[in-house]
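Reviewing the structure listed below.
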Amino acid sequence: MAMENKTKTALKDFIVGLRHVGHIVDDLKASVADFRRIYGLTDGDITILPPFGQEAPARFGLLDVGGVEFELIEPISDDMKAILHSAASGAGGINHVAYVVNDIDGALAVLAEQGIRPGHVTPDGVVDTGRTRIAYLNPSDTGDMLIELVEVYGQ
């Protein structure tokens with residue numbers, strides 16, 4: 001059967017799957033302990049970036065829970081607290097949902113046609129982390145939903 005060449009006209013056409021659910025926490029160590037207790041996670045299920053003891057504006061706990069990644073975010077610096085808490089979802093709890101996309105530039109171009117801009121943490125567009133390219137969508141354009149798009153190199 002021949003493959004139909006469908007034009008991508010909406011964000012859903014670029015989404016490959018869920019990347020992670022971002023959750024702001026006050027105390028990363030306590031939250032990781034809760035996840036260990038509730039879900040039975042082991043050290044192999046948890047990555048802390050940067051490791052405890054290193055200075056950073058924020059610390060992240062990446063936890064694999066049944067194939068779904070939770071990104072626990074502990075803002076440390078006043079600047080990071082201001083950035084994270086400025087979103088409607090920033091007072092705690094679920095902060096954002098991240099989707100893996102197969103073409104972040106294409107997705108952003110389609111979204112731009114609908115008046116949806118990059119914003120929040122990435123107001124100037126795509127940020128290259130070395131392993132991924134990410135962009136957050138401007139919550140004022142998405143009904144206060146904070147959405148992150150992630151293109152993974154090599155996928």
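Ordering of the structure tokens sets the chain letters (A, B, ...); residue numbers start at 1 within each chain; ligands are numbered from 1 in the order shown.
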
Please, which residues in region 29-104 of chain A fall within 7 Å of region 129-148 of chain A when counting only C-alpha atoms, and what is the closest atom pair and distance in Å to one decimal for each, ordered by chain then residue number, as JSON lines?
```
{"residue": "A:Ala88", "atom": "CA", "partner": "A:Asp144", "partner_atom": "CA", "distance": 6.1}
{"residue": "A:Asn95", "atom": "CA", "partner": "A:Leu146", "partner_atom": "CA", "distance": 6.8}
{"residue": "A:His96", "atom": "CA", "partner": "A:Leu146", "partner_atom": "CA", "distance": 4.8}
{"residue": "A:Val97", "atom": "CA", "partner": "A:Ile147", "partner_atom": "CA", "distance": 5.3}
{"residue": "A:Ala98", "atom": "CA", "partner": "A:Glu148", "partner_atom": "CA", "distance": 4.4}
{"residue": "A:Tyr99", "atom": "CA", "partner": "A:Glu148", "partner_atom": "CA", "distance": 6.3}
```

With only C-alpha atoms counted and 8 Å as the cut-off, give the residues of region 5-62 of chain A in contact with region 106-122 of chain A, each with its shortest interatomic distance in Å and the pair that gives it, as a Markdown table.
```
| residue | atom | partner | partner_atom | distance |
| --- | --- | --- | --- | --- |
| A:Lys8 | CA | A:Val110 | CA | 7.9 |
| A:Thr9 | CA | A:Val110 | CA | 6.2 |
| A:Ala10 | CA | A:Val110 | CA | 6.2 |
| A:Leu11 | CA | A:Ala107 | CA | 5.7 |
| A:Phe14 | CA | A:Ala107 | CA | 6.1 |
```

Okay, now the selection with N, CA and C atoms, as a PDB file, in the first residue's frame?
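File again35.pdb, as written:
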```pdb
ATOM      1  N   LYS A   8       1.367  18.423   7.005  1.00  0.00           N
ATOM      2  CA  LYS A   8       1.236  18.645   8.439  1.00  0.00           C
ATOM      3  C   LYS A   8       0.662  20.038   8.658  1.00  0.00           C
ATOM      4  N   THR A   9      -0.513  20.100   9.270  1.00  0.00           N
ATOM      5  CA  THR A   9      -1.208  21.377   9.434  1.00  0.00           C
ATOM      6  C   THR A   9      -1.537  21.717  10.878  1.00  0.00           C
ATOM      7  N   ALA A  10      -1.226  20.819  11.799  1.00  0.00           N
ATOM      8  CA  ALA A  10      -1.547  21.053  13.209  1.00  0.00           C
ATOM      9  C   ALA A  10      -0.463  20.440  14.076  1.00  0.00           C
ATOM     10  N   LEU A  11      -0.351  20.912  15.305  1.00  0.00           N
ATOM     11  CA  LEU A  11       0.653  20.391  16.219  1.00  0.00           C
ATOM     12  C   LEU A  11       0.550  18.879  16.357  1.00  0.00           C
ATOM     13  N   PHE A  14       2.764  16.562  14.357  1.00  0.00           N
ATOM     14  CA  PHE A  14       4.190  16.487  14.653  1.00  0.00           C
ATOM     15  C   PHE A  14       4.495  15.666  15.910  1.00  0.00           C
TER      16      PHE A  14
END
```

Those in chain A with strand (DSSP E) from DSSP, as JSON, numbers by chain: {"A": [15, 16, 17, 18, 19, 20, 21, 22, 23, 24, 46, 47, 48, 49, 58, 59, 60, 61, 62, 63, 64, 65, 68, 69, 70, 71, 72, 73, 74, 75, 93, 94, 95, 96, 97, 98, 99, 100, 101, 127, 128, 132, 133, 134, 135, 136, 147, 148, 149, 150, 151, 152]}

Counting only C-alpha atoms, the residue of A:Gly125, A:Gly67, A:Gly154, A:Gly61 that sits nearest Ala30 (chain A):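 Closest to Ala30 (chain A) of all the choices is A:Gly61.
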
Between CA of Asn102 (chain A) and CA of Ser86 (chain A), distance in Å (one decimal): 28.9 Å

Nearest-residue call for Arg59 (chain A), choices A:Leu41, A:Leu28, A:Ala33, A:Val100, using only C-alpha atoms: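 Of A:Leu41, A:Leu28, A:Ala33, A:Val100, the one nearest Arg59 (chain A), counting only C-alpha atoms, is A:Leu28.
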
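Among the candidates A:Val127, A:Ala56, A:Ile73, A:Ile46, the residue lying nearest to His23 (chain A) is A:Ile73 (atoms considered: only C-alpha atoms).
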
Using only C-alpha atoms: which of A:Thr47, A:Val150, A:Arg37, A:Val101 has the shortest distance to Glu71 (chain A): A:Thr47

Every residue of chain A that DSSP places in helix (DSSP H, G or I), as a ChimeraX atom specification: /A:11-13,28-39,43-45,78-85,104-113,139-141
